[in-house]
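A.B. asks: What follows is protein.csv, CSV, N, CA and C atoms and all ligand atoms.
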chain,number,residue,atom,x,y,z
A,1,MET,N,0.8,-1.2,0.0
A,1,MET,CA,0.0,0.0,0.0
A,1,MET,C,0.9,1.2,0.0
A,2,SER,N,0.5,2.2,-0.9
A,2,SER,CA,1.3,3.4,-0.9
A,2,SER,C,0.8,4.4,0.1
A,3,ASN,N,1.8,5.1,0.7
A,3,ASN,CA,1.4,6.2,1.6
A,3,ASN,C,1.3,7.5,1.0
A,4,GLU,N,1.4,7.5,-0.4
A,4,GLU,CA,1.4,8.8,-1.1
A,4,GLU,C,0.1,9.6,-0.9
A,5,ALA,N,0.2,10.9,-0.7
A,5,ALA,CA,-0.9,11.7,-0.6
A,5,ALA,C,-0.9,12.7,-1.7
A,6,THR,N,-2.1,13.2,-2.1
A,6,THR,CA,-2.1,14.3,-3.1
A,6,THR,C,-2.1,15.6,-2.3
A,7,VAL,N,-1.1,16.4,-2.7
A,7,VAL,CA,-0.9,17.7,-2.0
A,7,VAL,C,-0.9,18.8,-3.0
A,8,LYS,N,-0.9,20.0,-2.5
A,8,LYS,CA,-0.6,21.2,-3.3
A,8,LYS,C,0.8,21.6,-3.2
A,9,PHE,N,1.5,21.8,-4.3
A,9,PHE,CA,2.8,22.3,-4.3
A,9,PHE,C,2.7,23.8,-4.6
A,10,VAL,N,3.2,24.6,-3.7
A,10,VAL,CA,3.0,26.1,-3.8
A,10,VAL,C,4.3,26.7,-3.9
A,11,SER,N,4.5,27.6,-4.9
A,11,SER,CA,5.7,28.4,-5.0
A,11,SER,C,5.4,29.9,-5.0
A,12,ILE,N,6.2,30.7,-4.4
A,12,ILE,CA,6.0,32.1,-4.3
A,12,ILE,C,7.1,32.8,-5.0
A,13,TRP,N,6.7,33.7,-5.9
A,13,TRP,CA,7.7,34.3,-6.8
A,13,TRP,C,7.7,35.8,-6.7
A,14,ASP,N,8.8,36.4,-7.0
A,14,ASP,CA,8.9,37.9,-7.1
A,14,ASP,C,8.3,38.5,-5.8
A,15,GLU,N,7.3,39.4,-6.1
A,15,GLU,CA,6.7,40.0,-4.9
A,15,GLU,C,5.4,39.4,-4.6
A,16,GLY,N,5.4,38.1,-4.4
A,16,GLY,CA,4.2,37.4,-3.8
A,16,GLY,C,3.3,36.7,-4.8
A,17,THR,N,3.7,36.6,-6.0
A,17,THR,CA,2.9,35.8,-7.0
A,17,THR,C,3.0,34.3,-6.6
A,18,LYS,N,1.8,33.8,-6.3
A,18,LYS,CA,1.7,32.4,-5.8
A,18,LYS,C,1.2,31.5,-6.9
A,19,ILE,N,2.0,30.4,-7.1
A,19,ILE,CA,1.6,29.4,-8.1
A,19,ILE,C,1.3,28.1,-7.4
A,20,ARG,N,0.2,27.5,-7.7
A,20,ARG,CA,-0.2,26.3,-7.0
A,20,ARG,C,-0.3,25.2,-8.0
A,21,ALA,N,0.2,24.0,-7.7
A,21,ALA,CA,0.1,22.9,-8.6
A,21,ALA,C,-0.2,21.6,-7.8
A,22,ASN,N,-0.9,20.7,-8.4
A,22,ASN,CA,-1.1,19.4,-7.7
A,22,ASN,C,0.2,18.6,-7.8
A,23,SER,N,0.4,17.8,-6.7
A,23,SER,CA,1.6,16.9,-6.7
A,23,SER,C,1.3,15.8,-5.8
A,24,LYS,N,2.2,14.8,-5.7
A,24,LYS,CA,2.1,13.7,-4.8
A,24,LYS,C,3.2,13.9,-3.8
A,25,TYR,N,2.9,13.3,-2.6
A,25,TYR,CA,3.9,13.4,-1.5
A,25,TYR,C,3.9,12.1,-0.7
A,26,ASN,N,5.1,11.6,-0.5
A,26,ASN,CA,5.3,10.4,0.3
A,26,ASN,C,5.9,10.9,1.7
A,27,PRO,N,5.1,10.8,2.8
A,27,PRO,CA,5.6,11.3,4.1
A,27,PRO,C,6.7,10.5,4.6
A,28,GLU,N,6.9,9.3,4.2
A,28,GLU,CA,7.9,8.4,4.7
A,28,GLU,C,9.3,8.8,4.1
A,29,THR,N,9.3,9.0,2.8
A,29,THR,CA,10.6,9.3,2.2
A,29,THR,C,10.8,10.8,2.1
A,30,LYS,N,9.7,11.6,2.4
A,30,LYS,CA,9.7,13.1,2.2
A,30,LYS,C,9.8,13.5,0.8
A,31,GLU,N,9.5,12.6,-0.2
A,31,GLU,CA,9.7,12.9,-1.6
A,31,GLU,C,8.4,13.4,-2.2
A,32,ILE,N,8.6,14.5,-3.0
A,32,ILE,CA,7.5,15.1,-3.8
A,32,ILE,C,7.7,14.6,-5.2
A,33,SER,N,6.6,14.1,-5.8
A,33,SER,CA,6.6,13.6,-7.2
A,33,SER,C,5.4,14.1,-7.9
A,34,ASP,N,5.5,13.9,-9.2
A,34,ASP,CA,4.3,14.2,-10.1
A,34,ASP,C,3.8,15.6,-10.0
A,35,VAL,N,4.8,16.5,-9.9
A,35,VAL,CA,4.3,17.9,-9.8
A,35,VAL,C,3.8,18.3,-11.2
A,36,GLN,N,2.6,18.8,-11.1
A,36,GLN,CA,1.9,19.3,-12.3
A,36,GLN,C,2.7,20.5,-13.0
A,37,GLU,N,2.7,20.5,-14.3
A,37,GLU,CA,3.4,21.6,-14.9
A,37,GLU,C,2.9,23.0,-14.5
A,38,MET,N,3.9,23.9,-14.2
A,38,MET,CA,3.5,25.2,-13.8
A,38,MET,C,4.0,26.2,-14.8
A,39,ASN,N,3.2,27.2,-15.1
A,39,ASN,CA,3.6,28.3,-16.0
A,39,ASN,C,4.2,29.4,-15.2
A,40,VAL,N,5.6,29.5,-15.4
A,40,VAL,CA,6.3,30.5,-14.6
A,40,VAL,C,6.9,31.6,-15.5
A,41,ASP,N,6.3,31.7,-16.7
A,41,ASP,CA,6.8,32.7,-17.7
A,41,ASP,C,6.7,34.1,-17.1
A,42,GLY,N,7.8,34.8,-17.2
A,42,GLY,CA,7.9,36.2,-16.7
A,42,GLY,C,8.2,36.3,-15.2
A,43,LEU,N,8.3,35.2,-14.5
A,43,LEU,CA,8.6,35.2,-13.1
A,43,LEU,C,10.1,35.0,-13.0
A,44,GLU,N,10.7,35.7,-12.0
A,44,GLU,CA,12.2,35.7,-12.0
A,44,GLU,C,12.8,35.1,-10.7
A,45,VAL,N,12.3,35.6,-9.6
A,45,VAL,CA,12.9,35.2,-8.3
A,45,VAL,C,12.0,34.3,-7.5
A,46,LEU,N,12.5,33.1,-7.3
A,46,LEU,CA,11.7,32.1,-6.5
A,46,LEU,C,12.0,32.5,-5.0
A,47,GLU,N,11.0,32.8,-4.3
A,47,GLU,CA,11.2,33.3,-2.9
A,47,GLU,C,10.9,32.2,-1.9
A,48,GLN,N,10.0,31.3,-2.2
A,48,GLN,CA,9.7,30.3,-1.2
A,48,GLN,C,8.9,29.2,-1.9
A,49,GLU,N,9.1,28.0,-1.4
A,49,GLU,CA,8.3,26.8,-1.9
A,49,GLU,C,7.9,26.0,-0.7
A,50,TYR,N,6.6,25.6,-0.7
A,50,TYR,CA,6.2,24.6,0.3
A,50,TYR,C,5.1,23.8,-0.3
A,51,ILE,N,4.8,22.7,0.4
A,51,ILE,CA,3.6,21.9,0.1
A,51,ILE,C,2.6,22.1,1.1
A,52,GLU,N,1.3,22.0,0.7
A,52,GLU,CA,0.2,22.1,1.6
A,52,GLU,C,-0.5,20.7,1.7
A,53,LEU,N,-0.5,20.2,2.9
A,53,LEU,CA,-1.2,18.9,3.1
A,53,LEU,C,-2.7,19.0,3.1
A,54,PRO,N,-3.4,17.9,2.9
A,54,PRO,CA,-4.9,18.0,3.0
A,54,PRO,C,-5.4,18.6,4.3
A,55,ASN,N,-4.7,18.4,5.4
A,55,ASN,CA,-5.1,19.0,6.7
A,55,ASN,C,-4.7,20.5,6.8
A,56,GLY,N,-4.1,21.0,5.8
A,56,GLY,CA,-3.8,22.5,5.8
A,56,GLY,C,-2.4,22.8,6.3
A,57,ALA,N,-1.6,21.7,6.8
A,57,ALA,CA,-0.3,22.0,7.3
A,57,ALA,C,0.7,22.3,6.1
A,58,ARG,N,1.6,23.1,6.4
A,58,ARG,CA,2.6,23.5,5.3
A,58,ARG,C,4.0,22.9,5.7
A,59,LEU,N,4.6,22.3,4.7
A,59,LEU,CA,6.0,21.8,4.9
A,59,LEU,C,6.9,22.5,3.9
A,60,GLU,N,8.0,23.0,4.4
A,60,GLU,CA,9.0,23.7,3.6
A,60,GLU,C,9.7,22.8,2.6
A,61,VAL,N,9.9,23.2,1.4
A,61,VAL,CA,10.5,22.4,0.4
A,61,VAL,C,12.0,22.8,0.3
A,62,CYS,N,12.9,21.8,0.0
A,62,CYS,CA,14.3,22.0,-0.2
A,62,CYS,C,14.5,22.9,-1.4
A,63,GLN,N,15.3,24.0,-1.2
A,63,GLN,CA,15.5,25.0,-2.2
A,63,GLN,C,16.6,24.5,-3.2
A,64,ASN,N,17.2,23.4,-2.9
A,64,ASN,CA,18.3,22.8,-3.8
A,64,ASN,C,17.7,21.8,-4.8
A,65,CYS,N,17.0,20.8,-4.3
A,65,CYS,CA,16.5,19.8,-5.2
A,65,CYS,C,15.0,20.0,-5.6
A,66,HIS,N,14.3,20.8,-4.8
A,66,HIS,CA,12.9,21.1,-5.0
A,66,HIS,C,12.0,19.8,-5.0
A,67,ARG,N,12.5,18.7,-4.5
A,67,ARG,CA,11.8,17.5,-4.6
A,67,ARG,C,11.6,16.8,-3.2
A,68,HIS,N,12.1,17.4,-2.2
A,68,HIS,CA,11.9,16.8,-0.8
A,68,HIS,C,11.5,18.0,0.1
A,69,THR,N,10.8,17.6,1.2
A,69,THR,CA,10.5,18.5,2.2
A,69,THR,C,11.7,18.5,3.2
A,70,LEU,N,11.9,19.5,3.9
A,70,LEU,CA,12.9,19.6,5.0
A,70,LEU,C,12.4,18.9,6.2
A,71,VAL,N,13.3,18.2,6.9
A,71,VAL,CA,13.0,17.5,8.1
A,71,VAL,C,13.7,18.1,9.3
A,72,LEU,N,13.1,18.1,10.4
A,72,LEU,CA,13.7,18.8,11.6
A,72,LEU,C,14.7,17.8,12.2
A,73,VAL,N,15.9,18.3,12.3
A,73,VAL,CA,17.0,17.6,12.9
A,73,VAL,C,17.3,18.1,14.3
A,74,MET,N,17.1,17.2,15.3
A,74,MET,CA,17.3,17.7,16.6
A,74,MET,C,18.7,17.8,17.0
A,75,ARG,N,19.1,19.0,17.3
A,75,ARG,CA,20.5,19.2,17.8
A,75,ARG,C,20.4,20.2,18.9
A,76,SER,N,21.5,20.9,19.2
A,76,SER,CA,21.4,21.9,20.2
A,76,SER,C,20.5,23.1,19.8
A,77,ILE,N,20.5,23.3,18.5
A,77,ILE,CA,19.5,24.2,17.9
A,77,ILE,C,18.7,23.4,16.9
A,78,GLU,N,17.5,23.9,16.6
A,78,GLU,CA,16.7,23.2,15.6
A,78,GLU,C,17.2,23.5,14.2
A,79,VAL,N,17.4,22.5,13.5
A,79,VAL,CA,17.9,22.7,12.1
A,79,VAL,C,17.0,21.9,11.2
A,80,LEU,N,16.7,22.5,10.1
A,80,LEU,CA,15.9,21.8,9.0
A,80,LEU,C,16.8,21.3,7.9
A,81,GLU,N,16.7,20.1,7.6
A,81,GLU,CA,17.6,19.6,6.5
A,81,GLU,C,16.8,18.8,5.5
A,82,CYS,N,17.3,18.8,4.3
A,82,CYS,CA,16.7,17.9,3.2
A,82,CYS,C,17.3,16.5,3.4
A,83,PRO,N,16.5,15.5,3.3
A,83,PRO,CA,17.0,14.1,3.4
A,83,PRO,C,18.0,13.7,2.4
A,84,ILE,N,18.1,14.4,1.3
A,84,ILE,CA,19.1,13.9,0.2
A,84,ILE,C,20.2,14.9,0.0
A,85,CYS,N,20.0,16.2,0.3
A,85,CYS,CA,21.0,17.2,0.0
A,85,CYS,C,21.9,17.4,1.3
A,86,ASP,N,23.1,17.8,1.0
A,86,ASP,CA,23.9,18.2,2.2
A,86,ASP,C,23.4,19.6,2.6
A,87,ALA,N,23.5,19.8,3.9
A,87,ALA,CA,23.0,21.1,4.5
A,87,ALA,C,24.1,22.2,4.1
B,1,ZN,ZN,17.2,18.7,-1.4
Have the structure of the file written as structure tokens, please.
C.D. replies:
Amino acid sequence: MSNEATVKFVSIWDEGTKIRANSKYNPETKEISDVQEMNVDGLEVLEQEYIELPNGARLEVCQNCHRHTLVLVMRSIEVLECPICDA
């Protein structure tokens, strides 16, 4: 059985232009897949990316690979890391 959920992939560009696309998310591997094609013509600066879960929770997306959500790593300070990219 797959644990994949259908989520919204949200990216915020330039001065707040918000683009939403359907995607799939596997909470076990933190991997985002099947992101619907987005029209980003004319947009230049990617400011933020997150996914929105069906319960409304937002998870920050790795700015390097754009395909994983960041996971909280417990240390002396709280650090968010991508499971596949080096911090
Ligand atoms: Zn990454």
A.B. asks: Need to verify the contact set: Pro83 of chain A, 9 Å, only C-alpha atoms, exclusion of same-chain residues closer than 2 positions in sequence. Can you return it as a PyMOL selection string?
C.D. replies: chain A and resi 29-31+68-71+81+85-86
A.B. asks: Counting only C-alpha atoms, figure out which residue out of A:Glu15, A:Glu49, A:Glu37, A:Glu28 gets nearest to His66 of chain A.
C.D. replies: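 Of the candidates, the smallest distance to His66 of chain A is held by A:Glu49.
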A.B. asks: Near Ser33 of chain A, within 7 Å and counting only N, CA and C atoms, which residues show up once chain neighbours fewer than 6 positions away are dropped, as number ranges by chain?
C.D. replies: A: 22-26, 67
A.B. asks: Using all atoms listed in the file, can you tell me which of A:Val40, A:Cys62, A:Ala57, A:Leu80 comes closest to ligand ZN 1 (chain B)?
C.D. replies: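 Among A:Val40, A:Cys62, A:Ala57, A:Leu80, it is A:Cys62 that comes nearest to ligand ZN 1 (chain B).
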A.B. asks: Expressed in Å to a single decimal, how great is the separation between atom N of Met38 of chain A and atom N of Ile84 of chain A?
C.D. replies: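 So the answer is 23.1 Å.
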A.B. asks: As an NGL selection string, please: every residue in chain A that a backbone DSSP assignment puts in strand (DSSP E).
C.D. replies: :A and (5-13 or 17-26 or 31-33 or 46-52 or 58-60 or 71-74 or 78-81)
A.B. asks: Output N, CA and C atoms of each residue in that selection to a file, as a compact mmCIF listing (two decimals), in the coordinates of the input.
C.D. replies:
# COMPACT_ATOMS: atom_id res chain seq x y z
N ALA A 5 0.20 10.90 -0.70
CA ALA A 5 -0.90 11.70 -0.60
C ALA A 5 -0.90 12.70 -1.70
N THR A 6 -2.10 13.20 -2.10
CA THR A 6 -2.10 14.30 -3.10
C THR A 6 -2.10 15.60 -2.30
N VAL A 7 -1.10 16.40 -2.70
CA VAL A 7 -0.90 17.70 -2.00
C VAL A 7 -0.90 18.80 -3.00
N LYS A 8 -0.90 20.00 -2.50
CA LYS A 8 -0.60 21.20 -3.30
C LYS A 8 0.80 21.60 -3.20
N PHE A 9 1.50 21.80 -4.30
CA PHE A 9 2.80 22.30 -4.30
C PHE A 9 2.70 23.80 -4.60
N VAL A 10 3.20 24.60 -3.70
CA VAL A 10 3.00 26.10 -3.80
C VAL A 10 4.30 26.70 -3.90
N SER A 11 4.50 27.60 -4.90
CA SER A 11 5.70 28.40 -5.00
C SER A 11 5.40 29.90 -5.00
N ILE A 12 6.20 30.70 -4.40
CA ILE A 12 6.00 32.10 -4.30
C ILE A 12 7.10 32.80 -5.00
N TRP A 13 6.70 33.70 -5.90
CA TRP A 13 7.70 34.30 -6.80
C TRP A 13 7.70 35.80 -6.70
N THR A 17 3.70 36.60 -6.00
CA THR A 17 2.90 35.80 -7.00
C THR A 17 3.00 34.30 -6.60
N LYS A 18 1.80 33.80 -6.30
CA LYS A 18 1.70 32.40 -5.80
C LYS A 18 1.20 31.50 -6.90
N ILE A 19 2.00 30.40 -7.10
CA ILE A 19 1.60 29.40 -8.10
C ILE A 19 1.30 28.10 -7.40
N ARG A 20 0.20 27.50 -7.70
CA ARG A 20 -0.20 26.30 -7.00
C ARG A 20 -0.30 25.20 -8.00
N ALA A 21 0.20 24.00 -7.70
CA ALA A 21 0.10 22.90 -8.60
C ALA A 21 -0.20 21.60 -7.80
N ASN A 22 -0.90 20.70 -8.40
CA ASN A 22 -1.10 19.40 -7.70
C ASN A 22 0.20 18.60 -7.80
N SER A 23 0.40 17.80 -6.70
CA SER A 23 1.60 16.90 -6.70
C SER A 23 1.30 15.80 -5.80
N LYS A 24 2.20 14.80 -5.70
CA LYS A 24 2.10 13.70 -4.80
C LYS A 24 3.20 13.90 -3.80
N TYR A 25 2.90 13.30 -2.60
CA TYR A 25 3.90 13.40 -1.50
C TYR A 25 3.90 12.10 -0.70
N ASN A 26 5.10 11.60 -0.50
CA ASN A 26 5.30 10.40 0.30
C ASN A 26 5.90 10.90 1.70
N GLU A 31 9.50 12.60 -0.20
CA GLU A 31 9.70 12.90 -1.60
C GLU A 31 8.40 13.40 -2.20
N ILE A 32 8.60 14.50 -3.00
CA ILE A 32 7.50 15.10 -3.80
C ILE A 32 7.70 14.60 -5.20
N SER A 33 6.60 14.10 -5.80
CA SER A 33 6.60 13.60 -7.20
C SER A 33 5.40 14.10 -7.90
N LEU A 46 12.50 33.10 -7.30
CA LEU A 46 11.70 32.10 -6.50
C LEU A 46 12.00 32.50 -5.00
N GLU A 47 11.00 32.80 -4.30
CA GLU A 47 11.20 33.30 -2.90
C GLU A 47 10.90 32.20 -1.90
N GLN A 48 10.00 31.30 -2.20
CA GLN A 48 9.70 30.30 -1.20
C GLN A 48 8.90 29.20 -1.90
N GLU A 49 9.10 28.00 -1.40
CA GLU A 49 8.30 26.80 -1.90
C GLU A 49 7.90 26.00 -0.70
N TYR A 50 6.60 25.60 -0.70
CA TYR A 50 6.20 24.60 0.30
C TYR A 50 5.10 23.80 -0.30
N ILE A 51 4.80 22.70 0.40
CA ILE A 51 3.60 21.90 0.10
C ILE A 51 2.60 22.10 1.10
N GLU A 52 1.30 22.00 0.70
CA GLU A 52 0.20 22.10 1.60
C GLU A 52 -0.50 20.70 1.70
N ARG A 58 1.60 23.10 6.40
CA ARG A 58 2.60 23.50 5.30
C ARG A 58 4.00 22.90 5.70
N LEU A 59 4.60 22.30 4.70
CA LEU A 59 6.00 21.80 4.90
C LEU A 59 6.90 22.50 3.90
N GLU A 60 8.00 23.00 4.40
CA GLU A 60 9.00 23.70 3.60
C GLU A 60 9.70 22.80 2.60
N VAL A 71 13.30 18.20 6.90
CA VAL A 71 13.00 17.50 8.10
C VAL A 71 13.70 18.10 9.30
N LEU A 72 13.10 18.10 10.40
CA LEU A 72 13.70 18.80 11.60
C LEU A 72 14.70 17.80 12.20
N VAL A 73 15.90 18.30 12.30
CA VAL A 73 17.00 17.60 12.90
C VAL A 73 17.30 18.10 14.30
N MET A 74 17.10 17.20 15.30
CA MET A 74 17.30 17.70 16.60
C MET A 74 18.70 17.80 17.00
N GLU A 78 17.50 23.90 16.60
CA GLU A 78 16.70 23.20 15.60
C GLU A 78 17.20 23.50 14.20
N VAL A 79 17.40 22.50 13.50
CA VAL A 79 17.90 22.70 12.10
C VAL A 79 17.00 21.90 11.20
N LEU A 80 16.70 22.50 10.10
CA LEU A 80 15.90 21.80 9.00
C LEU A 80 16.80 21.30 7.90
N GLU A 81 16.70 20.10 7.60
CA GLU A 81 17.60 19.60 6.50
C GLU A 81 16.80 18.80 5.50
A.B. asks: Quote the spacing between atom CA of Arg58 of chain A and atom CA of Ser11 of chain A in Å to one decimal place.
C.D. replies: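 These two atoms are separated by 11.8 Å.
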A.B. asks: Kindly indicate which residue among A:Glu47, A:Ile32, A:Arg20, A:Cys65 lies nearest to ligand ZN 1 (chain B), using only C-alpha atoms and all ligand atoms for the distances.
C.D. replies: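 Of all the options, A:Cys65 lies closest to ligand ZN 1 (chain B).
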A.B. asks: Which one of A:Ile19, A:Val7, A:Cys82, A:Ile77 sits closest to ligand ZN 1 (chain B) if you count only N, CA and C atoms and all ligand atoms?
C.D. replies: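 For ligand ZN 1 (chain B), the nearest of the candidates is A:Cys82.
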A.B. asks: Just checking: using all atoms listed in the file, which residue out of A:Gln63, A:Val73, A:Val45, A:Ala21 ends up closest to ligand ZN 1 (chain B)?
C.D. replies: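 When distances to ligand ZN 1 (chain B) are compared using all atoms listed in the file, the smallest one comes from A:Gln63.
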A.B. asks: Which one of A:Leu43, A:Leu72, A:Val61, A:Ala5 sits closest to Pro27 of chain A if you count only C-alpha atoms?
C.D. replies: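 Selected residue with least distance to Pro27 of chain A: A:Ala5.
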A.B. asks: Got a sec: who's within 6 Å of Gln48 of chain A, counting all atoms listed in the file, leaving out chain neighbours fewer than 3 positions off, as a count of residues only?
C.D. replies: 4
